[in-house]
Every structure is written in C-alpha cells, then in structure tokens.
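Source file: upload_3.cif (mmCIF, C-alpha atoms)
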data_coords
#
loop_
_atom_site.label_atom_id
_atom_site.label_comp_id
_atom_site.auth_asym_id
_atom_site.auth_seq_id
_atom_site.Cartn_x
_atom_site.Cartn_y
_atom_site.Cartn_z
CA ARG A 14 -7.22 8.26 -3.14
CA ARG A 15 -5.16 11.40 -3.27
CA GLY A 16 -6.09 13.71 -0.45
CA ALA A 17 -8.18 11.13 1.39
CA ILE A 18 -7.91 11.58 5.14
CA ALA A 19 -9.77 8.51 6.32
CA PHE A 20 -11.99 5.78 4.92
CA VAL A 21 -15.22 7.13 6.38
CA PRO A 22 -18.74 7.38 4.90
CA SER A 23 -18.41 11.15 4.42
CA THR A 24 -15.37 10.66 2.16
CA PHE A 25 -17.30 8.26 -0.06
CA LEU A 26 -20.31 10.55 -0.29
CA PHE A 27 -18.02 13.51 -0.96
CA ASP A 28 -16.43 11.70 -3.90
CA ARG A 29 -19.82 10.73 -5.26
CA ILE A 30 -21.05 14.32 -5.13
CA LEU A 31 -17.92 15.90 -6.59
CA PHE A 32 -16.82 13.54 -9.29
CA ASN A 33 -19.30 10.84 -10.32
CA ARG A 34 -21.06 11.21 -13.64
CA SER A 35 -24.59 12.11 -12.65
CA TYR A 36 -27.40 14.59 -13.02
CA SER A 37 -27.55 15.47 -9.33
CA VAL A 38 -28.09 19.05 -8.23
CA VAL A 39 -24.47 19.36 -7.13
CA SER A 40 -22.75 17.88 -10.19
CA SER A 41 -24.98 19.41 -12.86
CA THR A 42 -25.86 22.78 -11.33
CA ILE A 43 -22.85 23.65 -9.17
CA LEU A 44 -19.83 21.84 -10.52
CA LYS A 45 -20.79 21.31 -14.19
CA CYS A 46 -18.49 18.31 -14.09
CA GLN A 47 -19.09 15.27 -16.26
CA ASP A 48 -15.96 13.25 -15.67
CA ARG A 49 -14.70 11.76 -12.40
CA ASN A 50 -11.06 12.46 -13.29
CA ALA A 51 -11.48 15.76 -15.13
CA ASN A 52 -10.28 18.13 -12.41
CA GLU A 53 -9.67 20.81 -15.02
CA THR A 54 -13.32 20.68 -16.14
CA CYS A 55 -14.52 20.86 -12.53
CA GLY A 56 -12.24 23.80 -11.88
CA LEU A 57 -10.74 22.03 -8.87
CA ASN A 58 -7.16 22.07 -7.70
CA GLU A 59 -6.40 18.54 -6.48
CA ASN A 60 -4.01 19.98 -3.90
CA LEU A 61 -6.82 21.87 -2.15
CA GLU A 62 -7.86 20.59 1.25
CA ARG A 63 -11.20 18.77 1.15
CA ARG A 64 -12.60 21.19 3.71
CA GLN A 65 -11.73 24.19 1.51
CA VAL A 66 -13.47 22.59 -1.46
CA LEU A 67 -16.55 21.77 0.61
CA LYS A 68 -16.80 25.34 1.90
CA SER A 69 -16.49 26.76 -1.60
CA ILE A 70 -19.29 24.46 -2.78
CA ALA A 71 -21.43 25.39 0.22
CA ALA A 72 -21.08 29.06 -0.69
CA SER A 73 -22.38 28.27 -4.19
CA ALA A 74 -25.22 26.10 -2.90
CA LYS A 75 -27.19 28.71 -0.93
CA LYS A 76 -30.08 28.44 -3.36
CA SER A 77 -30.62 24.80 -2.42
CA ALA A 78 -31.33 24.23 1.25
CA PHE A 79 -31.08 20.48 0.72
CA VAL A 80 -27.61 20.64 -0.86
CA ALA A 81 -26.44 23.16 1.73
CA ALA A 82 -27.53 20.81 4.51
CA ILE A 83 -25.59 17.94 2.93
CA ILE A 84 -22.48 20.07 2.55
CA SER A 85 -22.74 21.29 6.16
CA SER A 86 -22.96 17.69 7.34
CA LEU A 87 -19.93 16.73 5.24
CA ILE A 88 -17.87 19.58 6.69
CA SER A 89 -18.70 18.47 10.24
CA SER A 90 -17.84 14.85 9.42
CA TYR A 91 -14.64 15.92 7.74
CA ASP A 92 -13.58 18.03 10.73
CA GLU A 93 -14.10 15.06 13.03
CA ALA A 94 -12.18 12.68 10.74
CA TYR A 95 -9.38 15.23 10.31
CA ALA A 96 -9.07 15.71 14.08
CA GLN A 97 -8.91 11.95 14.63
CA ASN A 98 -6.31 11.61 11.90
CA GLU A 99 -4.17 14.41 13.34
CA ALA A 100 -4.37 12.78 16.76
CA ARG A 101 -3.29 9.40 15.31
CA GLU A 102 -0.40 11.05 13.47
CA GLY A 103 0.70 12.80 16.68
CA VAL A 104 0.61 9.56 18.65
CA ALA A 105 2.65 7.82 15.94
CA GLN A 106 5.29 10.56 16.00
CA ILE A 107 5.56 10.38 19.80
CA ALA A 108 5.68 6.57 19.79
CA ALA A 109 8.48 6.67 17.22
CA LYS A 110 10.71 8.25 19.86
CA ILE A 111 10.04 5.49 22.41
CA PRO A 112 12.56 2.61 22.31
CA GLY A 113 11.01 -0.50 20.81
CA TYR A 114 8.21 1.24 18.89
CA GLY A 115 10.18 2.36 15.84
CA GLN A 116 9.26 4.79 13.07
CA PRO A 117 5.67 5.18 11.81
CA ASP A 118 6.91 4.28 8.31
CA ILE A 119 10.12 3.70 6.38
CA PHE A 120 11.54 7.01 5.15
CA TYR A 121 13.58 6.46 1.99
CA PRO A 122 16.27 8.67 0.44
CA GLU A 123 15.12 11.26 -2.11
CA SER A 124 16.64 9.13 -4.88
CA PHE A 125 13.78 6.62 -4.53
CA ILE A 126 10.97 8.98 -5.45
CA GLY A 127 9.14 8.09 -8.67
CA SER A 128 8.09 4.94 -10.54
CA TRP A 129 10.38 1.96 -11.14
CA ASN A 130 10.42 -1.17 -13.28
CA VAL A 131 11.48 -3.99 -10.98
CA ILE A 132 13.00 -7.40 -11.76
CA ARG A 133 13.20 -9.83 -8.85
CA THR A 134 15.25 -13.04 -9.16
CA LEU A 135 15.12 -15.86 -6.61
CA SER A 136 18.69 -16.77 -5.63
CA SER A 137 18.47 -18.77 -2.39
CA VAL A 138 15.99 -21.08 -0.64
CA ARG A 139 16.43 -22.48 2.86
CA GLY A 140 14.51 -23.17 6.07
CA THR A 141 13.04 -26.00 8.15
CA ASP A 142 9.91 -26.80 6.10
CA VAL A 143 11.11 -29.50 3.71
CA ASP A 144 8.02 -29.42 1.50
CA ARG A 145 8.09 -25.68 0.97
CA ILE A 146 11.83 -25.71 0.35
CA ALA A 147 11.38 -28.34 -2.36
CA ARG A 148 8.58 -26.35 -3.99
CA PHE A 149 10.45 -23.04 -4.10
CA SER A 150 13.77 -24.62 -5.08
CA GLU A 151 12.27 -25.27 -8.51
CA PHE A 152 12.19 -21.51 -9.10
CA LYS A 153 15.79 -20.66 -8.21
CA GLY A 154 17.32 -18.44 -10.87
CA LYS A 155 13.93 -17.43 -12.29
CA SER A 156 12.61 -13.88 -12.30
CA ILE A 157 9.37 -11.94 -12.07
CA SER A 158 8.81 -8.32 -13.07
CA TYR A 159 6.42 -5.67 -11.82
CA GLN A 160 6.32 -1.96 -11.03
CA MET A 161 6.85 -0.07 -7.77
CA ARG A 162 6.67 3.58 -6.84
CA PHE A 163 7.69 5.86 -4.00
CA VAL A 164 5.91 9.10 -3.17
CA LYS A 165 6.35 12.20 -1.02
CA HIS A 166 4.22 12.43 2.11
CA ARG A 167 4.55 14.92 4.98
CA GLY A 168 8.07 15.81 3.90
CA HIS A 169 9.28 12.20 3.64
CA VAL A 170 9.65 9.70 0.78
CA ILE A 171 7.58 6.58 1.49
CA ALA A 172 6.59 3.48 -0.45
CA ASP A 173 3.16 3.54 -2.08
CA ARG A 174 2.24 0.25 -0.45
CA GLU A 175 -1.21 0.00 -2.02
CA TYR A 176 0.29 0.17 -5.51
CA ASN A 177 3.39 -1.90 -4.74
CA VAL A 178 1.75 -4.77 -2.86
CA CYS A 179 -1.00 -5.17 -5.46
CA ASN A 180 1.57 -5.28 -8.26
CA VAL A 181 3.72 -7.86 -6.47
CA LEU A 182 0.72 -10.08 -5.74
CA SER A 183 -0.53 -9.76 -9.32
CA ALA A 184 2.82 -10.50 -10.96
CA PRO A 185 2.96 -13.85 -12.81
CA ASP A 186 4.50 -16.67 -10.83
CA TYR A 187 7.94 -18.01 -11.65
CA SER A 188 6.61 -20.71 -13.95
CA SER A 189 4.88 -18.17 -16.22
CA SER A 190 6.59 -16.22 -18.98
CA SER A 191 3.65 -13.91 -19.67
CA SER A 192 3.34 -10.43 -18.21
CA PRO A 193 0.22 -9.45 -16.26
CA SER A 194 -2.36 -7.58 -18.33
CA LYS A 195 -4.06 -6.01 -15.29
CA ARG A 196 -4.02 -6.15 -11.52
CA GLU A 197 -5.92 -9.09 -10.08
CA PHE A 198 -6.02 -7.62 -6.58
CA ASP A 199 -7.60 -4.59 -5.00
CA CYS A 200 -5.67 -3.20 -2.05
CA MET A 201 -6.76 -0.87 0.73
CA TRP A 202 -4.15 1.19 2.57
CA GLN A 203 -3.87 4.63 4.17
CA ARG A 204 -0.71 6.74 4.20
CA GLU A 205 -1.65 8.04 7.64
CA ASN A 206 -1.90 4.49 8.99
CA PRO A 207 0.74 2.60 6.97
CA ASN A 208 0.97 -0.48 9.18
CA VAL A 209 -2.09 -2.29 7.78
CA ILE A 210 -2.83 -3.24 4.19
CA THR A 211 -5.60 -5.51 2.92
CA ALA A 212 -5.53 -7.22 -0.48
CA THR A 213 -8.61 -8.79 -2.08
CA ARG A 214 -8.92 -10.55 -5.42
CA ARG A 215 -11.16 -8.75 -7.91
CA SER A 216 -12.72 -11.93 -9.35
CA GLY A 217 -15.03 -14.01 -7.22
CA PHE A 218 -13.52 -17.35 -8.18
CA ASP A 219 -10.27 -18.67 -9.59
CA GLN A 220 -9.90 -20.99 -12.60
CA ALA A 221 -10.54 -24.02 -10.43
CA GLY A 222 -13.82 -22.54 -9.19
CA GLN A 223 -12.50 -21.88 -5.69
CA SER A 224 -13.49 -18.75 -3.82
CA GLN A 225 -10.66 -16.22 -3.66
CA SER A 226 -8.76 -15.13 -0.57
CA VAL A 227 -8.40 -11.92 1.36
CA ILE A 228 -4.96 -11.18 2.79
CA GLU A 229 -4.29 -8.73 5.59
CA MET A 230 -0.76 -7.71 6.56
CA LYS A 231 0.03 -5.76 9.71
CA VAL A 232 3.52 -4.42 10.42
CA THR A 233 4.39 -4.64 14.12
CA LYS A 234 8.11 -3.74 14.05
CA ARG A 235 10.31 -1.80 11.65
CA SER A 236 13.66 -0.09 11.40
CA PHE A 237 15.80 1.53 8.71
CA THR A 238 19.30 2.93 8.41
CA GLU A 239 20.71 5.33 5.83
CA ASN A 240 24.29 4.85 4.60
CA PRO A 241 25.05 1.74 6.73
CA ALA A 242 27.67 0.59 4.22
CA GLY A 243 28.77 3.98 2.93
CA PRO A 244 27.19 6.61 0.68
CA GLY A 245 24.29 5.36 -1.43
CA SER A 246 23.41 2.42 0.82
CA PHE A 247 20.13 1.98 2.65
CA ASP A 248 18.81 -0.89 4.83
CA SER A 249 15.31 -1.56 6.13
CA SER A 250 13.57 -4.26 8.15
CA GLU A 251 9.89 -4.95 8.82
CA TYR A 252 8.21 -7.71 10.79
CA MET A 253 4.55 -8.34 10.02
CA ARG A 254 1.68 -10.59 11.00
CA THR A 255 -0.46 -11.98 8.18
CA VAL A 256 -3.99 -13.37 8.05
CA GLU A 257 -5.38 -15.09 4.95
CA THR A 258 -9.03 -16.01 4.69
CA ASN A 259 -11.05 -17.74 2.00
CA GLY A 260 -14.75 -17.18 1.42
CA ALA A 261 -15.46 -20.88 1.17
CA ASP A 262 -13.32 -21.59 4.23
CA LEU A 263 -15.27 -19.11 6.34
CA LEU A 264 -18.60 -20.58 5.27
CA GLY A 265 -17.31 -24.05 6.00
CA GLY A 266 -16.00 -23.12 9.40
CA THR A 267 -12.30 -23.43 8.51
CA PRO A 268 -10.23 -20.91 10.51
CA PRO A 269 -8.08 -18.32 8.72
CA VAL A 270 -4.41 -19.04 8.06
CA LEU A 271 -2.11 -17.08 10.36
CA GLY A 272 1.48 -16.28 9.44
CA ALA A 273 4.46 -14.10 10.28
CA LYS A 274 7.11 -12.67 7.98
CA ARG A 275 10.20 -10.48 8.19
CA GLU A 276 11.39 -8.52 5.15
CA LEU A 277 15.01 -7.38 5.12
CA TRP A 278 16.12 -5.02 2.33
CA ARG A 279 19.63 -3.89 1.47
CA TYR A 280 19.72 -1.19 -1.23
CA LYS A 281 22.58 0.30 -3.18
CA ILE A 282 21.80 3.47 -5.13
CA VAL A 283 23.97 3.14 -8.22
CA SER A 284 22.58 6.11 -10.16
CA ASP A 285 19.46 8.25 -10.47
CA ASN A 286 17.95 5.59 -12.73
CA PHE A 287 19.23 2.35 -11.18
CA ILE A 288 19.08 0.79 -7.70
CA ASP A 289 20.52 -2.63 -6.90
CA ALA A 290 19.12 -4.52 -3.91
CA LEU A 291 18.95 -7.77 -1.95
CA LEU A 292 15.67 -8.87 -0.37
CA SER A 293 15.35 -11.56 2.30
CA GLU A 294 11.88 -12.88 3.10
CA ASN A 295 11.81 -14.97 6.26
CA PHE A 296 8.57 -16.80 7.06
CA TYR A 297 7.88 -17.97 10.61
CA ASN A 298 5.39 -20.07 12.51
CA PRO A 299 3.44 -17.35 14.41
CA GLU A 300 3.05 -19.69 17.39
CA SER A 301 6.76 -20.46 17.72
CA SER A 302 9.20 -18.68 20.04
CA PRO A 303 10.91 -15.48 18.83
CA SER A 304 14.24 -17.29 18.63
CA ALA A 305 12.93 -20.07 16.37
CA PRO A 306 14.48 -20.25 12.88
CA PRO A 307 12.30 -19.42 9.86
CA VAL A 308 10.30 -22.25 8.30
CA LEU A 309 11.19 -20.73 4.92
CA ALA A 310 13.82 -18.15 3.98
CA LEU A 311 13.96 -16.73 0.45
CA THR A 312 16.65 -14.41 -0.89
CA TYR A 313 16.21 -12.34 -4.04
CA ARG A 314 18.36 -10.13 -6.23
CA VAL A 315 16.22 -7.10 -7.05
CA GLN A 316 16.95 -4.45 -9.67
CA PHE A 317 15.10 -1.14 -9.95
CA ARG A 318 15.24 0.80 -13.23
CA LYS A 319 13.37 3.95 -14.26
#
Kindly transcribe the structure held in the file into structure tokens.
Amino acid sequence: RRGAIAFVPSTFLFDRILFNRSYSVVSSTILKCQDRNANETCGLNENLERRQVLKSIAASAKKSAFVAAIISSLISSYDEAYAQNEAREGVAQIAAKIPGYGQPDIFYPESFIGSWNVIRTLSSVRGTDVDRIARFSEFKGKSISYQMRFVKHRGHVIADREYNVCNVLSAPDYSSSSSPSKREFDCMWQRENPNVITATRRSGFDQAGQSQSVIEMKVTKRSFTENPAGPGSFDSSEYMRTVETNGADLLGGTPPVLGAKRELWRYKIVSDNFIDALLSENFYNPESSPSAPPVLALTYRVQFRK
C-alpha cells in the first residue's frame, strides 16, 4: 500500500476507518467518504504522512470521545511503528557501508522508472540435475510475457518487487499460448524491508485438487554496478534463499522445500522506451558447499518495452 510504514494492526485499522465503505462514525460523519479509492471525495492528499492525516481527523472528532480515543491510540501506534521503521532504515544504511553486507536494495538508473511490457525467452539450459535439464530443455526458444515496474523511493529508483514477482509467477508457462487474465498470486513485500517477499496463491486448490503453495524468498547478498560495459549498461546480482510450503504437506508432516538461487542481470539501455537484457538464474542445493556448481542454470533474453 502506498504510504504504508509497516504491516501492523494499527495500519489495517487505519485503512478500515479511512477508506472502507461503511456507516461508521468516522467514515459517515467525519470523512463523508464512500469509496476506498476515492481520495478526491475524501479530501485526502495521498502524499500526506499518515500521522498528519490522523491528527487532522482527531481534530474533527472532538465531539466523539470514542472516536477520539481510537485516533489517539492509532497515533501512538503509528509513532512506534515509524520509529522502528526509521531505526531499521538507519541500520540498513550503515550495514551497506560494511564490506560483505551490500546495499539495502538495488538502485537502478533513472531510465528504468515506469511500467514495462516484458518478453522473456529461454535461450540456454545447463546444470548437474539431468531430470530438470531435460524438462526445461523442451522450452528453449519459447517466450513468456508479463509486466514489470520500477518506482521512486527515498530518492532512488527500485523495483516494485510485489508487483513484479506476482506477475512473473502468474505468467503462463512456456507450453501455454494464452495470456494471463488476472494474477493468481498475492504477494506481500515492504519497500523499507526489501529483502523478504512472500507469494501465496489466491485460490485454495489447483485444477488437480491439490492445496496451493506459499513461497518465501529472502535475499541474503546483492550487488550492482552502473556502466560496467560503458554508458547505458547496468549489472546486478542477488543471492536468495527460498522456502516453499504446501498446505497439504504441512498437515501431512512433509517438511517444506528449501532452495537457493542467484539472479544475474545484465542490462543495456537502448532508448527511453527499450531496454535489452540477459538474465541468468542459477539454482543451487542449499546444503551444498558455496563452490558447488548449480543444479540448474537458465539463461534468458529479456526485452523491456514501454
């Protein structure tokens, strides 16, 4: 959510009070707002700090001791969450200067900002897992399409990972020629804590009647370099741990599936409306030594167009 500082109960209650369609004292008497997304009707500026909005509502709620008490509680909770968030951001900025810790996120060139239509084509399959190599080799030369976007945050351009990861996961597989009608996954991610993202299927069961999975990805190492191969070039690398669980597996006592992956990107900014790129996805056995080769290595040609 835009402007969300942390996923805490006060944030959820705040959203319910401000924007949900209801006949509550706050929404009907104070805000006169009937639509969750109608900021113009509510008279709210979406760029206002949550604390400023809460204080303005509190000033209008003096006639209702109950509402005023709720607002006062929300302000206190917000202040605590904001302080914790500022502390986490400060620690991340300090850690970024320590060798081995890396940047808190990948900061892209200004040319990336905005929404992009992406076509990703599988061009190479290799590794040590014979079965997985055989399975993915069938899709060499085939493409999938989806959308990605990059946004401005604290003076830097970053990837909107919640939007991007959900779109990638929901894209049709290589054997399908149809385009996705809607996202199948819900993703949870915070810009202030970009290292962890969780993706959950919306539907309870797939077509085979199997309970759907929850995937959590946690970045543990990252780096990026601007202009490594001359003007307009940009490279990035991220190593992440993955955990995939299945509702039925958990009930049956089956442990979650652990994994490890490194994503290597090489971008070439051709124009304001076109970026050419190579993506290498290297999958590892999380229990193997750091020097072990990947069990599966996929290389893609990726094209971004506005």
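The list of residues with at least one atom within 9 Å of Glu175 (chain A), based on only C-alpha atoms and without residues fewer than 6 positions apart in the same chain, reads Asp199, Cys200, Met201, Trp202, Gln203, Ile210, Thr211 and Ala212 of chain A.
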Residues in the PyMOL selection byres ((chain A and resi 279-292) around 12), expressed as a PyMOL selection string: chain A and resi 121-137+237-251+275-278+293-295+310-319
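Closest approach to Ser158 (chain A) from the set A:Ala172, A:Ala273, A:Leu182, A:Ala305 is made by A:Leu182, with distances taken over all atoms listed in the file.
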Straight-line distance linking CA of Pro307 (chain A) with CA of Thr141 (chain A), stated in Å to one decimal: 6.8 Å
Report, as lines of an AutoDock Vina configuration file, the axis-aligned box around all atoms of region 165-181 of chain A present in the file, extended by 6 Å on each side; give centre and edge lengths in Å to one decimal place.
center_x = 4.2
center_y = 4.0
center_z = -1.6
size_x = 22.9
size_y = 35.7
size_z = 25.2
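One finds CA of Arg235 (chain A) at 16.4 Å from CA of Asp173 (chain A).
Across the model, the gap from CA of Lys274 (chain A) to CA of Thr213 (chain A) is 19.1 Å.
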Taking the file as shown, find all residues satisfying the PyMOL selection byres ((chain A and resi 170) around 6) and write them as a PDB file with C-alpha atoms, in the coordinates of the input.
ATOM      1  CA  PHE A 120      11.540   7.010   5.150  1.00  0.00           C
ATOM      2  CA  TYR A 121      13.580   6.460   1.990  1.00  0.00           C
ATOM      3  CA  VAL A 164       5.910   9.100  -3.170  1.00  0.00           C
ATOM      4  CA  LYS A 165       6.350  12.200  -1.020  1.00  0.00           C
ATOM      5  CA  HIS A 169       9.280  12.200   3.640  1.00  0.00           C
ATOM      6  CA  ILE A 171       7.580   6.580   1.490  1.00  0.00           C
TER       7      ILE A 171
END
Convert the output of the PyMOL selection byres ((chain A and resi 272) around 12) on the shown file into explicit residues, formatted as a tab-separated table (two decimals) with C-alpha atoms, in the frame of the given file.
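selection02.tsv written:
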chain	number	residue	atom	x	y	z
A	228	ILE	CA	-4.96	-11.18	2.79
A	229	GLU	CA	-4.29	-8.73	5.59
A	230	MET	CA	-0.76	-7.71	6.56
A	231	LYS	CA	0.03	-5.76	9.71
A	252	TYR	CA	8.21	-7.71	10.79
A	253	MET	CA	4.55	-8.34	10.02
A	254	ARG	CA	1.68	-10.59	11.00
A	255	THR	CA	-0.46	-11.98	8.18
A	256	VAL	CA	-3.99	-13.37	8.05
A	257	GLU	CA	-5.38	-15.09	4.95
A	258	THR	CA	-9.03	-16.01	4.69
A	269	PRO	CA	-8.08	-18.32	8.72
A	270	VAL	CA	-4.41	-19.04	8.06
A	271	LEU	CA	-2.11	-17.08	10.36
A	273	ALA	CA	4.46	-14.10	10.28
A	274	LYS	CA	7.11	-12.67	7.98
A	275	ARG	CA	10.20	-10.48	8.19
A	295	ASN	CA	11.81	-14.97	6.26
A	296	PHE	CA	8.57	-16.80	7.06
A	297	TYR	CA	7.88	-17.97	10.61
A	298	ASN	CA	5.39	-20.07	12.51
A	299	PRO	CA	3.44	-17.35	14.41
A	300	GLU	CA	3.05	-19.69	17.39
A	301	SER	CA	6.76	-20.46	17.72
A	307	PRO	CA	12.30	-19.42	9.86
A	308	VAL	CA	10.30	-22.25	8.30
A	309	LEU	CA	11.19	-20.73	4.92
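Using all atoms listed in the file, the nearest neighbour of Cys179 (chain A) within the list A:Phe198, A:Glu205, A:Arg167, A:Glu151 is A:Phe198.
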